[in-house]
$ cat entry15.cif   # mmCIF, C-alpha atoms
data_input
loop_
_atom_site.label_atom_id
_atom_site.label_comp_id
_atom_site.auth_asym_id
_atom_site.auth_seq_id
_atom_site.Cartn_x
_atom_site.Cartn_y
_atom_site.Cartn_z
CA MET P 144 88.11 53.86 99.74
CA ALA P 145 88.49 56.81 97.47
CA LYS P 146 91.27 59.31 97.88
CA LYS P 147 90.84 61.74 100.73
CA LEU P 148 89.72 65.27 99.97
CA PRO P 149 91.99 68.27 100.49
CA GLY P 150 91.52 70.38 103.60
CA TYR P 151 91.36 74.15 103.77
CA GLU P 152 91.06 76.81 106.40
CA THR P 153 89.52 80.17 105.73
CA THR P 154 89.62 83.25 107.92
CA ILE P 155 86.94 85.82 107.19
CA ILE P 156 86.95 89.39 108.45
CA THR P 157 83.57 91.08 108.48
CA ARG P 158 82.50 94.52 109.53
CA VAL P 159 81.76 94.99 113.21
CA ASP P 160 78.34 96.46 112.50
CA MET P 161 77.27 93.32 110.64
CA SER P 162 74.35 91.84 112.52
CA ASP P 163 74.53 88.39 114.04
CA GLU P 164 71.74 87.13 111.79
CA SER P 165 73.38 88.25 108.58
CA LEU P 166 76.66 86.72 109.68
CA LYS P 167 74.79 83.52 110.37
CA THR P 168 73.13 83.52 106.96
CA LEU P 169 76.52 84.12 105.35
CA LYS P 170 78.01 81.22 107.27
CA ASP P 171 75.07 78.98 106.42
CA ARG P 172 75.55 79.77 102.79
CA LEU P 173 79.24 78.90 103.00
CA PHE P 174 78.45 75.64 104.74
CA ALA P 175 75.91 74.80 102.02
CA ILE P 176 78.61 75.37 99.39
CA VAL P 177 81.02 73.08 101.24
CA LYS P 178 78.31 70.42 101.30
CA ASP P 179 77.60 70.89 97.60
CA PHE P 180 81.21 70.10 96.82
CA GLY P 181 81.10 66.89 98.77
CA GLY P 182 83.09 68.24 101.68
CA GLU P 183 82.38 68.62 105.34
CA LEU P 184 82.79 71.35 107.88
CA VAL P 185 85.50 70.15 110.25
CA TYR P 186 85.86 73.01 112.67
CA GLN P 187 84.53 76.47 113.18
CA GLU P 188 85.68 79.17 115.53
CA ASP P 189 84.85 82.78 116.26
CA TRP P 190 87.84 84.85 117.17
CA GLY P 191 85.53 87.66 118.14
CA LYS P 192 86.03 91.32 117.48
CA ARG P 193 89.62 92.41 117.21
CA LYS P 194 91.37 95.67 116.63
CA PHE P 195 93.32 95.82 113.38
CA SER P 196 96.98 96.69 113.24
CA TYR P 197 96.11 99.17 110.51
CA PRO P 198 92.80 100.45 109.12
CA MET P 199 91.15 98.34 106.41
CA GLN P 200 88.57 100.01 104.21
CA LYS P 201 88.35 102.73 106.83
CA GLU P 202 87.42 100.22 109.53
CA VAL P 203 89.50 99.98 112.68
CA ARG P 204 88.00 96.81 114.12
CA GLY P 205 86.69 93.65 112.58
CA GLN P 206 84.94 90.44 113.41
CA TYR P 207 86.96 87.31 112.73
CA THR P 208 85.52 83.95 111.75
CA HIS P 209 87.66 80.91 111.15
CA ILE P 210 86.44 77.76 109.41
CA VAL P 211 88.16 74.51 108.52
CA PHE P 212 86.61 72.37 105.82
CA THR P 213 87.21 69.82 103.10
CA GLY P 214 85.88 69.78 99.57
CA SER P 215 86.53 68.77 96.00
CA THR P 216 88.05 70.99 93.33
CA GLY P 217 86.41 74.37 92.98
CA VAL P 218 85.09 74.68 96.49
CA VAL P 219 87.45 77.51 97.41
CA ALA P 220 86.72 79.44 94.21
CA GLU P 221 82.99 79.23 94.81
CA LEU P 222 83.37 80.11 98.48
CA GLU P 223 85.50 83.14 97.76
CA ARG P 224 83.16 84.27 94.98
CA ASN P 225 80.35 84.35 97.50
CA LEU P 226 82.48 86.16 100.02
CA ARG P 227 83.32 88.80 97.45
CA LEU P 228 79.62 89.33 96.75
CA ASN P 229 78.96 90.06 100.38
CA GLU P 230 79.46 93.73 101.16
CA SER P 231 80.12 93.23 104.84
CA THR P 232 83.18 91.12 104.17
CA LEU P 233 86.33 93.15 104.55
CA ARG P 234 88.89 90.50 103.81
CA PHE P 235 89.38 86.75 103.74
CA MET P 236 92.22 84.33 103.37
CA THR P 237 92.24 80.63 102.55
CA VAL P 238 95.17 78.35 103.33
CA VAL P 239 95.52 74.77 102.10
CA LEU P 240 96.08 72.55 105.12
CA ALA P 241 96.77 69.28 103.34
CA LYS P 242 96.21 67.74 99.94
CA GLU P 243 94.78 64.69 101.67
CA PHE P 244 93.14 65.92 104.82
CA ASN P 245 92.98 63.67 107.85
CA LYS P 246 90.23 64.82 110.17
CA GLU P 247 91.25 62.71 113.19
CA GLU P 248 94.80 63.94 113.05
CA TYR P 249 93.65 67.53 112.80
CA MET P 250 91.29 67.25 115.76
CA LYS P 251 94.06 65.70 117.82
CA GLN P 252 96.53 68.54 117.28
CA LEU P 253 93.74 71.03 117.78
CA GLY P 254 93.41 70.07 121.42
CA THR P 255 97.11 70.39 122.18
CA GLY P 256 98.35 73.44 120.41
CA THR P 257 95.65 75.63 118.95
CA PRO P 258 97.24 78.82 117.77
CA LEU P 259 95.74 82.18 118.58
CA LYS P 260 95.39 81.17 122.17
CA ARG P 261 92.11 81.77 123.85
CA GLU P 262 93.30 84.00 126.65
CA GLU P 263 95.12 86.23 124.19
CA ARG P 264 91.98 86.59 122.15
CA THR P 265 89.73 87.55 125.04
CA GLU P 266 92.36 90.00 126.18
CA ALA P 267 92.38 91.70 122.83
CA ALA P 268 88.61 91.59 122.37
CA PRO P 269 86.57 91.68 125.54
CA ALA P 270 83.58 92.73 123.47
CA ALA P 271 83.32 89.32 121.79
CA ILE P 272 79.91 87.92 121.11
CA MET I 1066 146.84 80.13 116.21
CA SER I 1067 145.85 78.05 119.22
CA LYS I 1068 146.42 80.99 121.48
CA GLU I 1069 144.03 83.03 119.44
CA MET I 1070 141.37 80.35 119.72
CA LYS I 1071 141.68 80.27 123.47
CA GLU I 1072 141.18 83.98 123.65
CA LYS I 1073 138.09 83.72 121.54
CA ALA I 1074 136.46 80.98 123.59
CA PRO I 1075 134.94 83.01 126.43
CA LYS I 1076 133.70 85.59 123.99
CA LYS I 1077 131.72 82.89 122.19
CA ARG I 1078 129.89 81.91 125.33
CA GLN I 1079 128.67 85.43 125.77
CA ASP I 1080 127.37 85.39 122.25
CA GLU I 1081 125.39 82.22 122.77
CA ASP I 1082 122.97 83.60 125.29
CA PHE I 1083 122.62 86.99 123.74
CA ASP I 1084 119.25 88.67 123.74
CA MET I 1085 117.70 89.58 120.42
CA ASP I 1086 116.81 93.07 121.56
CA ASP I 1087 120.31 93.68 122.77
CA ALA I 1088 121.64 92.63 119.42
CA MET I 1089 119.32 95.06 117.70
CA ASP I 1090 120.33 97.84 120.03
CA GLU I 1091 123.92 97.42 119.12
CA GLY I 1092 123.17 98.66 115.67
CA LYS I 1093 124.11 97.41 112.25
CA GLY I 1094 127.55 96.01 111.76
CA ARG I 1095 128.50 96.48 115.36
CA ARG I 1096 128.29 92.85 116.40
CA LYS I 1097 131.44 91.02 115.58
CA PHE I 1098 131.27 87.76 113.68
CA SER I 1099 134.02 85.22 113.56
CA SER I 1100 133.99 82.40 111.11
CA GLY I 1101 135.96 79.93 113.17
CA GLY I 1102 133.78 79.27 116.20
CA LYS I 1103 130.90 76.98 116.96
CA LYS I 1104 127.88 77.86 114.90
CA LYS I 1105 124.74 78.85 116.71
CA SER I 1106 122.09 76.25 116.00
CA CYS I 1107 118.52 77.04 115.09
CA ARG I 1108 116.33 77.17 118.15
CA PHE I 1109 113.49 75.38 116.36
CA MET I 1110 115.66 72.57 115.08
CA SER I 1111 117.26 72.01 118.48
CA GLY I 1112 113.82 71.53 120.02
CA GLU I 1113 114.04 74.64 122.15
CA GLU I 1114 110.94 76.03 120.48
CA ASP I 1115 108.06 74.28 118.78
CA ILE I 1116 108.06 74.83 115.06
CA ASN I 1117 104.26 74.52 115.05
CA ASN I 1118 104.12 77.82 116.91
CA ILE I 1119 105.10 79.52 113.68
CA ASN I 1120 101.61 80.13 112.45
CA TYR I 1121 99.71 83.22 111.38
CA LYS I 1122 97.13 82.43 114.05
CA ASN I 1123 99.80 83.02 116.67
CA PRO I 1124 100.70 86.67 116.07
CA LYS I 1125 102.04 87.22 119.55
CA PHE I 1126 104.73 84.64 119.01
CA LEU I 1127 105.52 85.89 115.51
CA SER I 1128 105.94 89.39 116.85
CA THR I 1129 108.98 88.22 118.80
CA PHE I 1130 110.74 87.90 115.44
CA MET I 1131 109.91 91.45 114.42
CA THR I 1132 111.41 94.79 115.29
CA GLU I 1133 109.25 97.45 116.86
CA HIS I 1134 108.86 98.93 113.41
CA GLY I 1135 107.40 95.72 112.06
CA LYS I 1136 110.39 94.49 110.15
CA ILE I 1137 111.20 90.81 110.10
CA VAL I 1138 114.41 90.20 112.04
CA SER I 1139 117.12 88.64 109.93
CA ARG I 1140 118.55 85.18 110.30
CA ARG I 1141 121.89 86.71 111.12
CA ILE I 1142 120.43 88.05 114.34
CA THR I 1143 118.04 85.26 115.33
CA GLY I 1144 120.15 82.31 114.24
CA ASN I 1145 117.20 80.59 112.57
CA CYS I 1146 117.88 78.07 109.85
CA ALA I 1147 116.82 78.82 106.29
CA MET I 1148 113.77 76.57 106.37
CA VAL I 1149 112.44 78.15 109.55
CA GLN I 1150 113.11 81.65 108.31
CA ARG I 1151 111.17 81.01 105.10
CA LYS I 1152 108.22 79.67 107.05
CA LEU I 1153 108.42 82.52 109.53
CA ALA I 1154 108.43 85.13 106.77
CA LEU I 1155 105.44 83.49 105.08
CA GLU I 1156 103.39 83.33 108.26
CA ILE I 1157 104.23 86.88 109.27
CA LYS I 1158 103.06 88.07 105.86
CA ARG I 1159 99.85 86.11 106.23
CA ALA I 1160 99.21 87.62 109.64
CA ARG I 1161 99.88 91.07 108.23
CA ASN I 1162 97.28 90.61 105.54
CA LEU I 1163 94.71 89.69 108.14
CA GLY I 1164 95.50 92.74 110.22
CA LEU I 1165 96.86 90.63 113.06
CA LEU I 1166 100.32 92.12 112.64
CA GLY I 1167 101.30 95.48 111.25
CA PHE I 1168 103.35 96.46 108.24
CA THR I 1169 104.73 99.33 110.28
CA GLY I 1170 104.89 98.46 113.95
CA ILE I 1171 103.72 95.18 115.38
CA GLY I 1172 100.18 96.29 116.09
CA PRO I 1173 97.87 97.39 118.86
CA ASN I 1174 97.33 94.00 120.45
CA PHE I 1175 100.72 93.40 121.94
CA ASN I 1176 102.01 96.77 123.02
#
$ encode --input "entry15.cif" --output "structure tokens"
Amino acid sequence: MAKKLPGYETTIITRVDMSDESLKTLKDRLFAIVKDFGGELVYQEDWGKRKFSYPMQKEVRGQYTHIVFTGSTGVVAELERNLRLNESTLRFMTVVLAKEFNKEEYMKQLGTGTPLKREERTEAAPAAI
Amino acid sequence: MSKEMKEKAPKKRQDEDFDMDDAMDEGKGRRKFSSGGKKKSCRFMSGEEDINNINYKNPKFLSTFMTEHGKIVSRRITGNCAMVQRKLALEIKRARNLGLLGFTGIGPNFN
């Protein structure tokens, strides 16, 4: 079998007033890009609406979306280009998880010790979708 | 020499279970350091804490290594090893960029 693809995780902060449909179309576009680059969407999570520690572009709260995906070279550049084009995106950050991503291993550790614990999140953002 | 060591021994034990906040309260340069005693080991390396908790997605945990003004607490105070401290600093900075932690103050979510 060919070498495994690298894995990435991206956190996207969008404006709170962004509608659910436009967020969905943005996500669908990102997923299409991941597919184009031969990767797959491993995991997706909404952290809901959270208050910032400091204002960003005059916004005090933001909507957090977290996605984990694989893809060949250039997938992150294309993804971030698209995020930059979107005006509702406040900020985003991509972290390389592994150069050879193992999906099974990732899913296993996900169940045991997912960071940003659920109860903490709901506490901070009761207004989640 | 040996007498001196004996005198130092009980003092050491107090140091071992010191609280980070207490140490900060004491102010800079107040805490005494002796080179001769047993070195405090890193709490992540000794298995006391899980190193996987050091992640930008876990801002509540990271905030325990910050002062109330949002500064990263030094290794001298926390006793972390160099590797852990590097990782900790990186993840705190990541969390700051995402607005999960503050640059000044730890943020609204944990007060």
$ residues_around --input "entry15.cif" --residues "Arg1159 in chain I" --least-positions-apart "3" --cutoff "10 Å" --atoms "all atoms listed in the file" --output "ChimeraX atom specification"
/P:236,238 /I:1120-1122,1124,1153-1156,1162-1166
$ resolve_selection --input "entry15.cif" --expression "the PyMOL selection byres ((chain P and resi 154-157) around 8)" --output "tab-separated table (two decimals) with C-alpha atoms, in the coordinates of the input"
chain	number	residue	atom	x	y	z
P	152	GLU	CA	91.06	76.81	106.40
P	153	THR	CA	89.52	80.17	105.73
P	158	ARG	CA	82.50	94.52	109.53
P	159	VAL	CA	81.76	94.99	113.21
P	161	MET	CA	77.27	93.32	110.64
P	205	GLY	CA	86.69	93.65	112.58
P	206	GLN	CA	84.94	90.44	113.41
P	207	TYR	CA	86.96	87.31	112.73
P	208	THR	CA	85.52	83.95	111.75
P	209	HIS	CA	87.66	80.91	111.15
P	210	ILE	CA	86.44	77.76	109.41
P	231	SER	CA	80.12	93.23	104.84
P	232	THR	CA	83.18	91.12	104.17
P	233	LEU	CA	86.33	93.15	104.55
P	234	ARG	CA	88.89	90.50	103.81
P	235	PHE	CA	89.38	86.75	103.74
P	236	MET	CA	92.22	84.33	103.37
P	237	THR	CA	92.24	80.63	102.55
I	1163	LEU	CA	94.71	89.69	108.14
$ closest_residue --input "entry15.cif" --among "I:Ile1142, I:Ala1147, I:Leu1127, I:Ile1137" --to "chain P" --atoms "only C-alpha atoms"
I:Leu1127
$ closest_residue --input "entry15.cif" --among "P:Leu184, P:Met250, P:Leu169, P:Met199" --to "chain I" --atoms "only C-alpha atoms"
P:Met199
$ resolve_selection --input "entry15.cif" --expression "the PyMOL selection byres ((chain I and resi 1150) around 10)" --output "PyMOL selection string"
chain I and resi 1107+1119+1130+1137-1140+1143-1149+1151-1156
$ write_last_selection --input "entry15.cif" --atoms "C-alpha atoms" --output "PDB file, in the coordinates of the input"
ATOM      1  CA  CYS I1107     118.520  77.040 115.090  1.00  0.00           C
ATOM      2  CA  ILE I1119     105.100  79.520 113.680  1.00  0.00           C
ATOM      3  CA  PHE I1130     110.740  87.900 115.440  1.00  0.00           C
ATOM      4  CA  ILE I1137     111.200  90.810 110.100  1.00  0.00           C
ATOM      5  CA  VAL I1138     114.410  90.200 112.040  1.00  0.00           C
ATOM      6  CA  SER I1139     117.120  88.640 109.930  1.00  0.00           C
ATOM      7  CA  ARG I1140     118.550  85.180 110.300  1.00  0.00           C
ATOM      8  CA  THR I1143     118.040  85.260 115.330  1.00  0.00           C
ATOM      9  CA  GLY I1144     120.150  82.310 114.240  1.00  0.00           C
ATOM     10  CA  ASN I1145     117.200  80.590 112.570  1.00  0.00           C
ATOM     11  CA  CYS I1146     117.880  78.070 109.850  1.00  0.00           C
ATOM     12  CA  ALA I1147     116.820  78.820 106.290  1.00  0.00           C
ATOM     13  CA  MET I1148     113.770  76.570 106.370  1.00  0.00           C
ATOM     14  CA  VAL I1149     112.440  78.150 109.550  1.00  0.00           C
ATOM     15  CA  ARG I1151     111.170  81.010 105.100  1.00  0.00           C
ATOM     16  CA  LYS I1152     108.220  79.670 107.050  1.00  0.00           C
ATOM     17  CA  LEU I1153     108.420  82.520 109.530  1.00  0.00           C
ATOM     18  CA  ALA I1154     108.430  85.130 106.770  1.00  0.00           C
ATOM     19  CA  LEU I1155     105.440  83.490 105.080  1.00  0.00           C
ATOM     20  CA  GLU I1156     103.390  83.330 108.260  1.00  0.00           C
TER      21      GLU I1156
END
$ resolve_selection --input "entry15.cif" --expression "the PyMOL selection byres ((chain I and resi 1169) around 12)" --output "list in words"
Ser196 and Tyr197 of chain P; Ser1128, Met1131, Thr1132, Glu1133, His1134, Gly1135, Lys1136, Ile1137, Arg1161, Gly1164, Leu1166, Gly1167, Phe1168, Gly1170, Ile1171, Gly1172 and Pro1173 of chain I
$ write_last_selection --input "entry15.cif" --atoms "C-alpha atoms" --output "PDB file, in the coordinates of the input"
ATOM      1  CA  SER P 196      96.980  96.690 113.240  1.00  0.00           C
ATOM      2  CA  TYR P 197      96.110  99.170 110.510  1.00  0.00           C
TER       3      TYR P 197
ATOM      4  CA  SER I1128     105.940  89.390 116.850  1.00  0.00           C
ATOM      5  CA  MET I1131     109.910  91.450 114.420  1.00  0.00           C
ATOM      6  CA  THR I1132     111.410  94.790 115.290  1.00  0.00           C
ATOM      7  CA  GLU I1133     109.250  97.450 116.860  1.00  0.00           C
ATOM      8  CA  HIS I1134     108.860  98.930 113.410  1.00  0.00           C
ATOM      9  CA  GLY I1135     107.400  95.720 112.060  1.00  0.00           C
ATOM     10  CA  LYS I1136     110.390  94.490 110.150  1.00  0.00           C
ATOM     11  CA  ILE I1137     111.200  90.810 110.100  1.00  0.00           C
ATOM     12  CA  ARG I1161      99.880  91.070 108.230  1.00  0.00           C
ATOM     13  CA  GLY I1164      95.500  92.740 110.220  1.00  0.00           C
ATOM     14  CA  LEU I1166     100.320  92.120 112.640  1.00  0.00           C
ATOM     15  CA  GLY I1167     101.300  95.480 111.250  1.00  0.00           C
ATOM     16  CA  PHE I1168     103.350  96.460 108.240  1.00  0.00           C
ATOM     17  CA  GLY I1170     104.890  98.460 113.950  1.00  0.00           C
ATOM     18  CA  ILE I1171     103.720  95.180 115.380  1.00  0.00           C
ATOM     19  CA  GLY I1172     100.180  96.290 116.090  1.00  0.00           C
ATOM     20  CA  PRO I1173      97.870  97.390 118.860  1.00  0.00           C
TER      21      PRO I1173
END
$ residues_around --input "entry15.cif" --residues "range 212-228 of chain P" --least-positions-apart "5" --cutoff "8 Å" --atoms "all atoms listed in the file" --output "ChimeraX atom specification"
/P:148-152,173,176-178,180-186,235,237,244
$ atom_distance --input "entry15.cif" --atom1 "CA of Gln200 in chain P" --atom2 "CA of Arg172 in chain P"
24.1 Å
$ atom_distance --input "entry15.cif" --atom1 "CA of Leu166 in chain P" --atom2 "CA of Lys192 in chain P"
13.0 Å
$ closest_residue --input "entry15.cif" --among "I:Ser1106, I:Thr1129, I:Asn1117, I:Asn1123" --to "chain P" --atoms "only C-alpha atoms"
I:Asn1123
$ atom_distance --input "entry15.cif" --atom1 "CA of Lys1158 in chain I" --atom2 "CA of Glu243 in chain P"
25.2 Å
